[in-house]
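Read through the structure below, which is laid out as structure tokens, and then see the notes.
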Amino acid sequence: MGPGPRQGRGIPERAPVRLFVMGEDKWRDFPAWPPPGYEPQRFHLQPGGALAGDLPVESTPDEYHYDPADPTPALGGVRMWTLQKYGRVDNAKLEARSDVLTYTAPALDQDVEVIGEVSAEIFFRSSLPYADVFVRLCDVDEKGRSTNVCDGLISLTDADDTTCATVQLWPTAYRFKRGHRIRVQVSSGAFPRFNRNTGTGDQRATAVALRAADQQVFHDPPHALPRWSCRCGRPPEATPSMGRGSSTAPPHRRT
């Protein structure tokens with residue numbers, strides 16, 4: 001080891017922000033948070049389970065049935081306990097459920113990095129006033145394996161009216177590789193990470209009655225706002241570009 005600070009050597013200068021960029025799996029230094037060069041970009045939910053930068057066309061809402069007696073489970077992601085696997089996991093079982101909607105973009109032409117805040121604005125309506133909206137950002141590889149990147153949940157108390165649910169997902173630093181696809185999940189829970197919404201408005205920890213609900217997600221021109229937003233930028237050796245052509249998303253879930 002070389003001489004320490006007491007021998008006249010100061011603390012080495014470092015960038016104010018250091019992030020572990022998942023997907024690339026490397027630590028990188030940045031001058032600020034959010035980093036410069038990562039501009040906000042918006043992607044809209046589309047009919048048929050697609051995701052794109054274009055505004056959606058005329059379409060009927062997607063629907064699913066949420067039953068708190070069989071709540072949508074938490075899979076991977078942030079955990080405050082270790083009884084279940086946390087972090088990035090295969091989302092196949094979760095996305096196969098009838099109470100989970102998925103929206104998938106075409107394959108990427110080049111690597112794309114998402115670094116910074118991530119949010120989603122979903123036009124949503126429930127058959128009950130009390131409902132949750134859970135949104136998850138996923139990375140789908142060339143083999144179709146979907147793994148979670150970040151997610152978030154919001155609780156609504158006026159969900160029986162068409163409402164713009166703004167969901168703040170966890171900030172992230174992630175590289176989507178060329179050939180991969182960006183996917184957004186929409187559901188109404190992640191139990192037991194979040195207490196299940198009973199549909200009654202009662203305190204969740206003590207509620208006894210459970211009410212199932214029919215949920216709708218809108219993505220037509222009058223509701224052109226439904227979108228997820230992130231900060232995208234180019235990796236050091238690539239320029240980000242969304243692939244063209246139709247998405248090969250799995251069959252969209254409906255009731």
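Ligands are numbered from 1 in the order shown, residues from 1 within each chain, and chains are lettered A, B, ... in the order they appear in the structure tokens.
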Would you kindly return, as a ChimeraX atom specification, each protein, DNA or RNA residue with an atom no farther than 8 Å from any atom of segment 182-199 of chain A, considering only C-alpha atoms and excluding same-chain residues fewer than 4 positions away? /A:51,66,68,71-75,79,95,99-107,128-140,153,176,204-205,207,209-213
Filtering to N, CA and C atoms, could you give me those residues as a compact mmCIF listing (two decimals), in the first residue's frame?
# COMPACT_ATOMS: atom_id res chain seq x y z
N LEU A 51 -46.53 -2.03 -26.60
CA LEU A 51 -45.98 -0.84 -25.94
C LEU A 51 -45.17 -0.09 -26.98
N TYR A 66 -59.82 -9.07 -10.20
CA TYR A 66 -58.94 -9.16 -9.02
C TYR A 66 -59.74 -9.70 -7.84
N PRO A 68 -59.24 -10.63 -3.84
CA PRO A 68 -58.34 -10.60 -2.67
C PRO A 68 -58.26 -11.94 -1.95
N PRO A 71 -54.98 -13.27 -3.93
CA PRO A 71 -54.33 -12.03 -4.36
C PRO A 71 -53.15 -12.27 -5.30
N THR A 72 -52.95 -11.32 -6.20
CA THR A 72 -51.80 -11.38 -7.09
C THR A 72 -50.53 -11.42 -6.23
N PRO A 73 -49.69 -12.43 -6.40
CA PRO A 73 -48.55 -12.59 -5.49
C PRO A 73 -47.38 -11.67 -5.82
N ALA A 74 -46.58 -11.40 -4.81
CA ALA A 74 -45.30 -10.72 -5.01
C ALA A 74 -44.29 -11.73 -5.51
N LEU A 75 -43.51 -11.33 -6.48
CA LEU A 75 -42.49 -12.22 -7.04
C LEU A 75 -41.23 -11.41 -7.28
N ARG A 79 -37.38 -6.73 -1.08
CA ARG A 79 -37.86 -7.53 0.03
C ARG A 79 -37.27 -7.01 1.34
N GLU A 95 -46.84 -13.64 -14.91
CA GLU A 95 -47.46 -13.12 -16.14
C GLU A 95 -48.46 -14.09 -16.75
N ASP A 99 -54.98 -12.22 -13.78
CA ASP A 99 -55.12 -10.89 -13.17
C ASP A 99 -53.88 -10.03 -13.37
N VAL A 100 -53.07 -10.36 -14.37
CA VAL A 100 -51.87 -9.57 -14.70
C VAL A 100 -51.90 -9.26 -16.20
N LEU A 101 -51.84 -7.97 -16.54
CA LEU A 101 -51.75 -7.54 -17.93
C LEU A 101 -50.30 -7.24 -18.28
N THR A 102 -49.91 -7.50 -19.52
CA THR A 102 -48.56 -7.18 -19.97
C THR A 102 -48.61 -6.40 -21.28
N TYR A 103 -47.67 -5.46 -21.41
CA TYR A 103 -47.54 -4.63 -22.61
C TYR A 103 -46.06 -4.65 -23.00
N THR A 104 -45.77 -5.08 -24.23
CA THR A 104 -44.39 -5.36 -24.62
C THR A 104 -44.00 -4.60 -25.88
N ALA A 105 -42.83 -3.98 -25.86
CA ALA A 105 -42.31 -3.25 -27.01
C ALA A 105 -41.59 -4.21 -27.96
N PRO A 106 -41.38 -3.78 -29.22
CA PRO A 106 -40.59 -4.60 -30.15
C PRO A 106 -39.15 -4.75 -29.67
N ALA A 107 -38.44 -5.68 -30.28
CA ALA A 107 -37.04 -5.91 -29.92
C ALA A 107 -36.21 -4.66 -30.20
N LEU A 128 -65.25 -1.27 -7.95
CA LEU A 128 -65.32 -0.85 -6.55
C LEU A 128 -64.52 0.44 -6.36
N PRO A 129 -64.86 1.23 -5.34
CA PRO A 129 -64.09 2.47 -5.10
C PRO A 129 -62.66 2.22 -4.65
N TYR A 130 -62.43 1.09 -3.98
CA TYR A 130 -61.12 0.84 -3.38
C TYR A 130 -60.36 -0.18 -4.21
N ALA A 131 -59.20 0.23 -4.72
CA ALA A 131 -58.41 -0.65 -5.57
C ALA A 131 -56.95 -0.19 -5.56
N ASP A 132 -56.06 -1.11 -5.86
CA ASP A 132 -54.64 -0.82 -6.02
C ASP A 132 -54.24 -0.98 -7.47
N VAL A 133 -53.24 -0.22 -7.88
CA VAL A 133 -52.63 -0.37 -9.20
C VAL A 133 -51.15 -0.63 -9.00
N PHE A 134 -50.70 -1.79 -9.43
CA PHE A 134 -49.29 -2.18 -9.33
C PHE A 134 -48.70 -2.20 -10.74
N VAL A 135 -47.56 -1.57 -10.92
CA VAL A 135 -46.90 -1.50 -12.23
C VAL A 135 -45.47 -1.98 -12.07
N ARG A 136 -45.04 -2.81 -13.00
CA ARG A 136 -43.67 -3.35 -12.96
C ARG A 136 -43.03 -3.21 -14.34
N LEU A 137 -41.78 -2.77 -14.37
CA LEU A 137 -40.97 -2.70 -15.58
C LEU A 137 -40.13 -3.97 -15.68
N CYS A 138 -40.16 -4.63 -16.84
CA CYS A 138 -39.45 -5.90 -17.02
C CYS A 138 -38.56 -5.86 -18.27
N ASP A 139 -37.59 -6.75 -18.28
CA ASP A 139 -36.70 -6.96 -19.41
C ASP A 139 -36.96 -8.36 -19.96
N VAL A 140 -37.31 -8.44 -21.25
CA VAL A 140 -37.59 -9.73 -21.88
C VAL A 140 -36.43 -10.06 -22.82
N LEU A 153 -46.50 0.71 -6.48
CA LEU A 153 -47.94 0.51 -6.28
C LEU A 153 -48.56 1.77 -5.72
N PHE A 176 -30.90 -2.30 -21.06
CA PHE A 176 -31.62 -3.26 -21.88
C PHE A 176 -30.75 -3.55 -23.11
N ARG A 204 -56.61 -2.70 6.41
CA ARG A 204 -56.19 -3.95 5.79
C ARG A 204 -55.69 -4.97 6.80
N ALA A 205 -55.09 -4.51 7.88
CA ALA A 205 -54.54 -5.44 8.87
C ALA A 205 -55.63 -6.17 9.64
N ALA A 207 -59.15 -6.21 8.45
CA ALA A 207 -60.34 -6.44 7.63
C ALA A 207 -60.70 -7.92 7.59
N ALA A 209 -63.98 -8.90 5.77
CA ALA A 209 -64.71 -9.07 4.51
C ALA A 209 -63.77 -8.84 3.33
N LEU A 210 -63.95 -9.63 2.27
CA LEU A 210 -63.18 -9.49 1.04
C LEU A 210 -64.14 -9.35 -0.14
N ARG A 211 -63.88 -8.36 -0.99
CA ARG A 211 -64.73 -8.13 -2.16
C ARG A 211 -63.88 -8.15 -3.43
N ALA A 212 -64.24 -9.01 -4.35
CA ALA A 212 -63.53 -9.08 -5.63
C ALA A 212 -63.99 -7.94 -6.53
N ALA A 213 -63.16 -7.58 -7.49
CA ALA A 213 -63.46 -6.43 -8.36
C ALA A 213 -63.06 -6.73 -9.80
Using DSSP secondary structure from the backbone, list all alpha helix (DSSP H) positions within segment 23-110 of chain A, as a ChimeraX atom specification. /A:92-95
How would the residues just chosen look if you wrote them out with N, CA and C atoms as a compact mmCIF listing (two decimals), in the first residue's frame?
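Wrote part_19.txt, looks like this:
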# COMPACT_ATOMS: atom_id res chain seq x y z
N ALA A 92 -42.43 -15.56 -15.40
CA ALA A 92 -43.34 -16.35 -16.23
C ALA A 92 -44.60 -16.75 -15.49
N LYS A 93 -44.48 -17.26 -14.26
CA LYS A 93 -45.65 -17.69 -13.51
C LYS A 93 -46.56 -16.52 -13.19
N LEU A 94 -45.97 -15.38 -12.88
CA LEU A 94 -46.77 -14.21 -12.56
C LEU A 94 -47.52 -13.72 -13.79
N GLU A 95 -46.84 -13.64 -14.91
CA GLU A 95 -47.46 -13.12 -16.14
C GLU A 95 -48.46 -14.09 -16.75
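Residues lying within 10 Å of Tyr174 of chain A, counting only C-alpha atoms and ignoring same-chain neighbours fewer than 5 positions away, are Leu19, Phe20, Val21, Met22, Gly23, Glu24, Asp25, Val112, Glu113, Val114, Ile115, Gly116, Asp139, Val149, Cys150 and Cys232 of chain A.
Atom CA of Ser119 of chain A to atom CA of Leu169 of chain A spans 5.3 Å [interatomic distance, one decimal].
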Among segment 24-247 of chain A, which ones does DSSP assign to strand (DSSP E or B) (computed from the backbone)? Answer as a ChimeraX atom specification. /A:26-30,39-46,50-52,62-66,73,77,87,90,101-104,112-126,131-140,146-156,163-176,181-187,191,213-218,227-233
Could you please take those selected residues and save C-alpha atoms as an mmCIF file, in the first residue's frame?
data_model
loop_
_atom_site.group_PDB
_atom_site.id
_atom_site.type_symbol
_atom_site.label_atom_id
_atom_site.label_comp_id
_atom_site.auth_asym_id
_atom_site.auth_seq_id
_atom_site.Cartn_x
_atom_site.Cartn_y
_atom_site.Cartn_z
ATOM 1 C CA LYS A 26 -20.766 -2.775 -13.720
ATOM 2 C CA TRP A 27 -20.177 0.119 -11.345
ATOM 3 C CA ARG A 28 -20.051 3.476 -13.133
ATOM 4 C CA ASP A 29 -19.445 7.058 -12.020
ATOM 5 C CA PHE A 30 -21.731 9.964 -12.935
ATOM 6 C CA GLU A 39 -33.653 12.525 -21.152
ATOM 7 C CA PRO A 40 -37.250 11.708 -20.140
ATOM 8 C CA GLN A 41 -39.005 9.473 -22.641
ATOM 9 C CA ARG A 42 -42.613 8.272 -22.697
ATOM 10 C CA PHE A 43 -44.090 5.042 -23.979
ATOM 11 C CA HIS A 44 -47.809 4.419 -24.406
ATOM 12 C CA LEU A 45 -49.806 1.294 -23.679
ATOM 13 C CA GLN A 46 -51.320 -0.070 -26.880
ATOM 14 C CA ALA A 50 -48.144 -3.720 -27.210
ATOM 15 C CA LEU A 51 -45.977 -0.841 -25.941
ATOM 16 C CA ALA A 52 -44.746 1.996 -28.186
ATOM 17 C CA ASP A 62 -58.311 -4.266 -21.241
ATOM 18 C CA GLU A 63 -59.975 -6.049 -18.330
ATOM 19 C CA TYR A 64 -59.055 -8.404 -15.522
ATOM 20 C CA HIS A 65 -60.654 -9.764 -12.360
ATOM 21 C CA TYR A 66 -58.943 -9.156 -9.017
ATOM 22 C CA PRO A 73 -48.547 -12.586 -5.489
ATOM 23 C CA GLY A 77 -38.201 -7.317 -6.344
ATOM 24 C CA GLY A 87 -34.239 -9.279 -6.685
ATOM 25 C CA ASP A 90 -38.285 -15.104 -13.882
ATOM 26 C CA LEU A 101 -51.753 -7.543 -17.934
ATOM 27 C CA THR A 102 -48.558 -7.182 -19.969
ATOM 28 C CA TYR A 103 -47.538 -4.627 -22.612
ATOM 29 C CA THR A 104 -44.390 -5.359 -24.617
ATOM 30 C CA VAL A 112 -30.727 1.224 -24.250
ATOM 31 C CA GLU A 113 -30.063 2.406 -20.718
ATOM 32 C CA VAL A 114 -32.747 3.535 -18.288
ATOM 33 C CA ILE A 115 -31.118 5.511 -15.471
ATOM 34 C CA GLY A 116 -33.138 7.706 -13.123
ATOM 35 C CA GLU A 117 -36.752 8.010 -12.027
ATOM 36 C CA VAL A 118 -39.412 5.736 -13.535
ATOM 37 C CA SER A 119 -43.156 6.377 -13.360
ATOM 38 C CA ALA A 120 -46.393 5.213 -14.945
ATOM 39 C CA GLU A 121 -49.685 7.014 -15.560
ATOM 40 C CA ILE A 122 -52.527 4.546 -16.061
ATOM 41 C CA PHE A 123 -56.145 5.401 -16.808
ATOM 42 C CA PHE A 124 -57.908 2.878 -14.613
ATOM 43 C CA ARG A 125 -61.411 2.021 -13.469
ATOM 44 C CA SER A 126 -62.702 -0.575 -11.014
ATOM 45 C CA ALA A 131 -58.407 -0.650 -5.574
ATOM 46 C CA ASP A 132 -54.637 -0.821 -6.016
ATOM 47 C CA VAL A 133 -52.634 -0.371 -9.204
ATOM 48 C CA PHE A 134 -49.292 -2.183 -9.330
ATOM 49 C CA VAL A 135 -46.904 -1.502 -12.231
ATOM 50 C CA ARG A 136 -43.669 -3.348 -12.961
ATOM 51 C CA LEU A 137 -40.971 -2.701 -15.582
ATOM 52 C CA CYS A 138 -39.449 -5.896 -17.022
ATOM 53 C CA ASP A 139 -36.696 -6.963 -19.410
ATOM 54 C CA VAL A 140 -37.587 -9.725 -21.883
ATOM 55 C CA SER A 146 -39.126 -11.828 -18.484
ATOM 56 C CA THR A 147 -37.240 -10.507 -15.454
ATOM 57 C CA ASN A 148 -38.257 -7.591 -13.243
ATOM 58 C CA VAL A 149 -36.327 -4.306 -13.175
ATOM 59 C CA CYS A 150 -38.347 -2.022 -10.865
ATOM 60 C CA ASP A 151 -41.935 -1.558 -9.730
ATOM 61 C CA GLY A 152 -44.364 0.414 -7.570
ATOM 62 C CA LEU A 153 -47.940 0.511 -6.279
ATOM 63 C CA ILE A 154 -50.582 3.134 -5.545
ATOM 64 C CA SER A 155 -53.862 2.762 -3.635
ATOM 65 C CA LEU A 156 -57.012 4.469 -4.932
ATOM 66 C CA THR A 163 -58.943 7.737 -12.736
ATOM 67 C CA CYS A 164 -55.417 8.550 -13.827
ATOM 68 C CA ALA A 165 -53.341 6.471 -11.423
ATOM 69 C CA THR A 166 -49.810 7.839 -11.173
ATOM 70 C CA VAL A 167 -47.458 5.125 -9.952
ATOM 71 C CA GLN A 168 -43.914 5.969 -8.879
ATOM 72 C CA LEU A 169 -41.630 3.027 -9.512
ATOM 73 C CA TRP A 170 -38.288 2.648 -7.756
ATOM 74 C CA PRO A 171 -35.435 4.594 -9.409
ATOM 75 C CA THR A 172 -33.164 2.332 -11.406
ATOM 76 C CA ALA A 173 -29.979 2.031 -13.417
ATOM 77 C CA TYR A 174 -30.448 -0.672 -16.025
ATOM 78 C CA ARG A 175 -29.199 -1.577 -19.497
ATOM 79 C CA PHE A 176 -31.618 -3.261 -21.885
ATOM 80 C CA ARG A 181 -37.766 -6.109 -25.301
ATOM 81 C CA ILE A 182 -39.130 -3.688 -22.720
ATOM 82 C CA ARG A 183 -42.266 -4.869 -20.939
ATOM 83 C CA VAL A 184 -44.703 -3.252 -18.509
ATOM 84 C CA GLN A 185 -46.943 -5.274 -16.200
ATOM 85 C CA VAL A 186 -50.178 -3.885 -14.749
ATOM 86 C CA SER A 187 -52.068 -5.619 -11.936
ATOM 87 C CA PHE A 191 -48.969 -9.831 -1.812
ATOM 88 C CA ALA A 213 -63.458 -6.432 -8.358
ATOM 89 C CA ASP A 214 -63.419 -6.124 -12.135
ATOM 90 C CA GLN A 215 -60.667 -3.776 -13.307
ATOM 91 C CA GLN A 216 -60.221 -1.887 -16.588
ATOM 92 C CA VAL A 217 -57.129 -0.280 -18.144
ATOM 93 C CA PHE A 218 -57.782 2.292 -20.898
ATOM 94 C CA ARG A 227 -47.889 5.685 -20.410
ATOM 95 C CA TRP A 228 -44.803 4.886 -18.480
ATOM 96 C CA SER A 229 -42.005 7.404 -18.286
ATOM 97 C CA CYS A 230 -38.302 6.927 -17.740
ATOM 98 C CA ARG A 231 -34.968 8.545 -18.452
ATOM 99 C CA CYS A 232 -33.281 6.843 -21.395
ATOM 100 C CA GLY A 233 -29.806 7.494 -22.677
#
Using only C-alpha atoms, which of the listed residues (A:Asp202, A:Glu142, A:Asp220, A:Asp161) sits closest to Val57 of chain A? A:Asp220
